[in-house]
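The data block below is start.txt; it holds compact mmCIF, C-alpha atoms.
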# COMPACT_ATOMS: atom_id res chain seq x y z
CA LEU Y 1 0.00 0.00 0.00
CA ASP Y 2 2.96 2.33 0.43
CA ASP Y 3 3.04 2.99 -3.33
CA LEU Y 4 -0.43 4.58 -3.25
CA ALA Y 5 1.05 8.05 -2.74
CA ALA Y 6 2.19 7.99 -6.38
CA ALA Y 7 -1.24 6.91 -7.67
CA ARG Y 8 -2.70 10.35 -8.35
CA SER Y 9 -5.58 9.19 -10.56
CA LEU Y 10 -6.58 5.95 -8.80
CA GLU Y 11 -10.35 5.98 -8.27
CA ASP Y 12 -11.22 2.35 -7.50
CA LEU Y 13 -9.18 0.25 -5.09
CA HIS Y 14 -10.01 -3.30 -4.11
CA PHE Y 15 -7.56 -5.48 -2.25
CA GLY Y 16 -7.94 -8.51 -0.08
CA ASN Y 17 -7.11 -12.07 0.78
CA ALA Y 18 -8.19 -13.95 -2.36
CA VAL Y 19 -4.63 -14.88 -3.34
CA TRP Y 20 -3.09 -14.85 0.13
CA PRO Y 21 -5.73 -15.98 2.66
CA LYS Y 22 -3.51 -14.96 5.56
CA MET Y 23 -2.99 -11.42 4.24
CA ASP Y 24 -2.23 -9.04 7.08
CA ILE Y 25 -1.82 -5.31 6.50
CA GLU Y 26 0.26 -3.19 8.83
CA SER Y 27 -1.94 -0.11 8.44
CA LEU Y 28 -4.44 1.68 6.23
CA GLN Y 29 -2.41 4.88 6.66
CA PRO Y 30 -1.02 4.82 3.08
CA LEU Y 31 -4.60 5.25 1.84
CA ALA Y 32 -4.62 8.80 3.19
CA ASP Y 33 -2.23 9.81 0.37
CA ALA Y 34 -4.52 8.44 -2.36
CA GLN Y 35 -6.89 11.39 -2.46
CA SER Y 36 -8.51 10.41 -5.76
CA ILE Y 37 -10.10 7.19 -4.41
CA ARG Y 38 -13.86 7.13 -4.91
CA SER Y 39 -14.49 3.43 -4.30
CA LEU Y 40 -12.64 1.42 -1.66
CA LYS Y 41 -13.10 -2.24 -0.84
CA PHE Y 42 -10.69 -4.19 1.31
CA GLU Y 43 -10.75 -7.69 2.74
CA PRO Y 44 -7.53 -8.52 4.56
CA ARG Y 45 -7.46 -11.09 7.31
CA LYS Y 46 -6.21 -8.47 9.73
CA ILE Y 47 -5.09 -4.85 9.98
CA VAL Y 48 -2.30 -4.82 12.52
CA ASP Y 49 -2.74 -1.26 13.87
CA ASN Y 50 -6.57 -1.71 13.82
CA ARG Y 51 -7.16 1.94 12.80
CA VAL Y 52 -9.93 3.25 10.52
CA ALA Y 53 -8.99 6.94 10.75
CA PRO Y 54 -7.11 7.00 7.40
CA ILE Y 55 -10.39 6.28 5.60
CA VAL Y 56 -11.81 9.56 6.91
CA GLN Y 57 -9.11 11.44 4.99
CA LEU Y 58 -10.44 10.23 1.61
CA ALA Y 59 -12.38 13.36 0.63
CA LYS Y 60 -13.76 11.92 -2.65
CA LEU Y 61 -14.89 8.60 -1.20
CA GLU Y 62 -18.32 7.50 -2.50
CA GLN Y 63 -18.37 3.74 -1.84
CA LEU Y 64 -16.83 1.75 0.99
CA ALA Y 65 -16.86 -1.96 1.76
CA PHE Y 66 -15.00 -4.14 4.24
CA PRO Y 67 -15.86 -7.27 6.23
CA PRO Y 68 -18.60 -6.51 8.77
CA ARG Y 69 -16.59 -8.08 11.58
CA MET Y 70 -13.25 -6.41 10.81
CA PHE Y 71 -13.64 -3.61 13.39
CA SER Y 72 -15.49 -3.08 16.66
CA THR Y 73 -18.96 -1.56 16.67
CA GLU Y 74 -17.49 1.54 18.34
CA LYS Y 75 -14.96 2.05 15.52
CA ILE Y 76 -17.65 1.62 12.87
CA ALA Y 77 -19.95 4.12 14.62
CA TRP Y 78 -17.01 6.57 14.87
CA LEU Y 79 -16.24 6.09 11.17
CA LYS Y 80 -19.89 6.62 10.23
CA ALA Y 81 -19.94 9.88 12.22
CA ARG Y 82 -16.79 11.12 10.47
CA LEU Y 83 -17.68 10.23 6.86
CA SER Y 84 -20.05 12.13 4.61
CA ASP Y 85 -23.64 10.90 4.43
CA ASP Y 86 -23.04 10.52 0.68
CA VAL Y 87 -20.73 7.54 1.24
CA ASN Y 88 -22.53 4.36 0.22
CA ALA Y 89 -21.56 1.59 2.67
CA ASP Y 90 -23.71 -1.23 4.06
CA VAL Y 91 -21.12 -1.79 6.76
CA LEU Y 92 -21.75 1.66 8.30
CA SER Y 93 -24.97 0.50 9.89
CA ALA Y 94 -25.83 -1.49 12.98
CA VAL Y 95 -27.26 -4.50 11.16
CA ARG Y 96 -27.05 -6.07 7.73
CA MET Y 97 -30.01 -8.16 6.68
CA LEU Y 98 -28.92 -11.37 4.95
CA LYS Y 99 -30.48 -12.23 1.60
CA HIS Y 100 -30.30 -15.94 2.43
CA PRO Y 101 -31.15 -16.70 6.07
CA ILE Y 102 -29.13 -19.36 7.83
CA PRO Y 103 -31.37 -22.10 9.24
CA ARG Y 104 -30.32 -23.08 12.76
CA ASP Y 105 -32.45 -25.14 15.13
CA ASP Y 106 -35.83 -23.40 15.20
CA LYS Y 107 -34.46 -20.07 13.96
CA LYS Y 108 -33.75 -18.43 10.64
CA LEU Y 109 -30.70 -16.27 11.25
CA ASP Y 110 -31.13 -13.28 8.95
CA ALA Y 111 -29.71 -10.25 10.78
CA LEU Y 112 -25.93 -9.87 10.96
CA VAL Y 113 -24.98 -7.44 13.72
CA ILE Y 114 -22.06 -5.33 12.47
CA GLY Y 115 -18.89 -5.37 14.57
CA LYS Y 116 -16.21 -7.69 15.90
CA ARG Y 117 -17.55 -10.75 17.71
CA LYS Y 118 -21.19 -9.77 17.12
CA PRO Y 119 -23.88 -12.40 16.47
CA VAL Y 120 -26.18 -13.29 13.63
CA LEU Y 121 -29.75 -13.16 14.91
CA ASP Y 122 -33.27 -14.10 13.91
CA SER Y 123 -34.94 -10.74 13.26
CA VAL Y 124 -38.31 -12.05 14.47
CA GLN Y 125 -37.43 -14.22 17.48
CA ASP Y 126 -34.56 -11.98 18.62
CA ALA Y 127 -36.30 -8.66 17.94
CA THR Y 128 -35.73 -7.26 21.44
CA ARG Y 129 -32.05 -8.17 21.43
CA LEU Y 130 -31.66 -6.78 17.91
CA GLN Y 131 -33.29 -3.51 18.96
CA LYS Y 132 -30.73 -3.14 21.76
CA TYR Y 133 -27.91 -3.41 19.21
CA LEU Y 134 -29.63 -0.83 16.99
CA ASP Y 135 -30.14 1.58 19.90
CA THR Y 136 -26.55 1.19 21.09
CA PHE Y 137 -25.17 1.85 17.61
CA GLU Y 138 -27.37 4.92 17.16
CA ALA Y 139 -26.32 6.30 20.56
CA LEU Y 140 -22.63 5.78 19.72
CA SER Y 141 -23.05 7.43 16.32
CA GLN Y 142 -24.79 10.43 17.87
CA LYS Y 143 -22.11 10.73 20.55
CA PHE Y 144 -19.32 10.78 17.95
CA LEU Y 145 -21.28 13.09 15.65
CA SER Y 146 -21.97 15.61 18.41
CA ASP Y 147 -18.30 15.85 19.42
CA PRO Y 148 -15.87 15.85 16.47
CA THR Y 149 -12.90 16.00 18.87
CA VAL Y 150 -13.46 12.46 20.16
CA PRO Y 151 -10.55 10.37 18.88
CA GLU Y 152 -10.95 6.99 17.22
CA PRO Y 153 -11.87 4.37 19.85
CA GLU Y 154 -9.24 1.77 20.71
If you convert what's in this file into structure tokens, what do you get?
Amino acid sequence: LDDLAAARSLEDLHFGNAVWPKMDIESLQPLADAQSIRSLKFEPRKIVDNRVAPIVQLAKLEQLAFPPRMFSTEKIAWLKARLSDDVNADVLSAVRMLKHPIPRDDKKLDALVIGKRKPVLDSVQDATRLQKYLDTFEALSQKFLSDPTVPEPE
């Protein structure tokens, strides 16, 4: 990623673990120099410094995608509060509804809660639990939106 500073006209960037399943990235910091990026998708196994702040520096960003369990819910809420509302990103929400529910016991798991170590729930049977996740995410987003000086959560 260090070579991105020289990529002055790069608009779409997609990198991940398709070739190297154990792909670890030291940091997303080199992205901050690639100011022309409009669409960013990344899927590494791990980001060593675990920071999302460099994404905020992409002023032209329109689309963003990364694994829904890559970062904590707090980091994702912070990122949502710092990015423009024009950025199209399913991962900047509390829950992603699955197109194909996962049958398990007497449940149909269809609601993936966004964030590290978060569950997949049945939107009908687990409605109360799901609402708690939604409320928590909204409260975090509002907290970070109301105070732009709050640094990225650890």
What's around stretch 11-15 of chain Y at 9 Å? Count all atoms listed in the file, leave out sequence neighbours fewer than 6 positions away in its own chain, and write the answer as a PyMOL selection string.
chain Y and resi 34-44+60-61
Closest contacts (stretch 54-76 of chain Y/stretch 82-99 of chain Y, max 9 Å, all atoms listed in the file) as CSV:
residue,atom,partner,partner_atom,distance
Y:Ile55,CA,Y:Leu83,CA,8.4
Y:Val56,CA,Y:Leu83,CA,5.9
Y:Gln57,CA,Y:Leu83,CA,8.9
Y:Leu58,CA,Y:Leu83,CA,8.9
Y:Ala59,CA,Y:Ser84,CA,8.7
Y:Leu61,CA,Y:Val87,CA,6.4
Y:Glu62,CA,Y:Val87,CA,4.4
Y:Gln63,CA,Y:Asn88,CA,4.7
Y:Leu64,CA,Y:Ala89,CA,5.0
Y:Ala65,CA,Y:Ala89,CA,6.0
Y:Phe66,CA,Y:Val91,CA,7.0
Y:Pro67,CA,Y:Val91,CA,7.6
Y:Pro68,CA,Y:Val91,CA,5.7
Y:Thr73,CA,Y:Ala94,CA,7.8
Y:Ile76,CA,Y:Leu92,CA,6.1
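All protein, DNA and RNA residues at most 10 Å from (-3.8, -5.2, 7.1) are Leu1, Gly16, Asn17, Lys22, Met23, Asp24, Ile25, Glu26, Ser27, Leu28, Phe42, Glu43, Pro44, Arg45, Lys46, Ile47, Val48, Asp49, Asn50 and Arg51 of chain Y, using only C-alpha atoms.
Distance-wise, atom CA of Y:Gly115 and atom CA of Y:Phe137 end up 10.0 Å apart.
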Please measure the separation of atom CA of Y:Arg69 and atom CA of Y:Gln142, giving the value in Å to one decimal.
21.2 Å
Stretch 120-133 of chain Y surroundings by all atoms listed in the file, 6 Å radius, close-in-sequence under 5 positions cut, as a PDB file with C-alpha atoms, in the frame of the given file:
ATOM      1  CA  LYS Y 108     -33.750 -18.430  10.640  1.00  0.00           C
ATOM      2  CA  LEU Y 109     -30.700 -16.270  11.250  1.00  0.00           C
ATOM      3  CA  ASP Y 110     -31.130 -13.280   8.950  1.00  0.00           C
ATOM      4  CA  ALA Y 111     -29.710 -10.250  10.780  1.00  0.00           C
ATOM      5  CA  LEU Y 112     -25.930  -9.870  10.960  1.00  0.00           C
ATOM      6  CA  VAL Y 113     -24.980  -7.440  13.720  1.00  0.00           C
TER       7      VAL Y 113
END
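Interatomic distance, atom CA of Y:Pro119 to atom CA of Y:Leu145: 25.6 Å.
Each of Y:Met70, Y:Leu31, Y:Ala77, Y:Ala53 was checked against Y:Asp135 using only C-alpha atoms; the smallest atom-to-atom distance is that of Y:Ala77.
When all atoms listed in the file are used to measure the gap to Y:Arg117, the shortest distance among Y:Asp33, Y:Thr136, Y:Phe71, Y:Trp78 belongs to Y:Phe71.
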Of the listed residues Y:Glu74, Y:His100, Y:Glu154, Y:Asp106, that which approaches Y:Glu138 most closely, counting all atoms listed in the file
Y:Glu74
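For the set Y:Thr149, Y:Lys143, Y:Asp3, Y:Gln29, the residue with the smallest atom-to-atom gap to Y:Lys80 is Y:Lys143, counting only C-alpha atoms.
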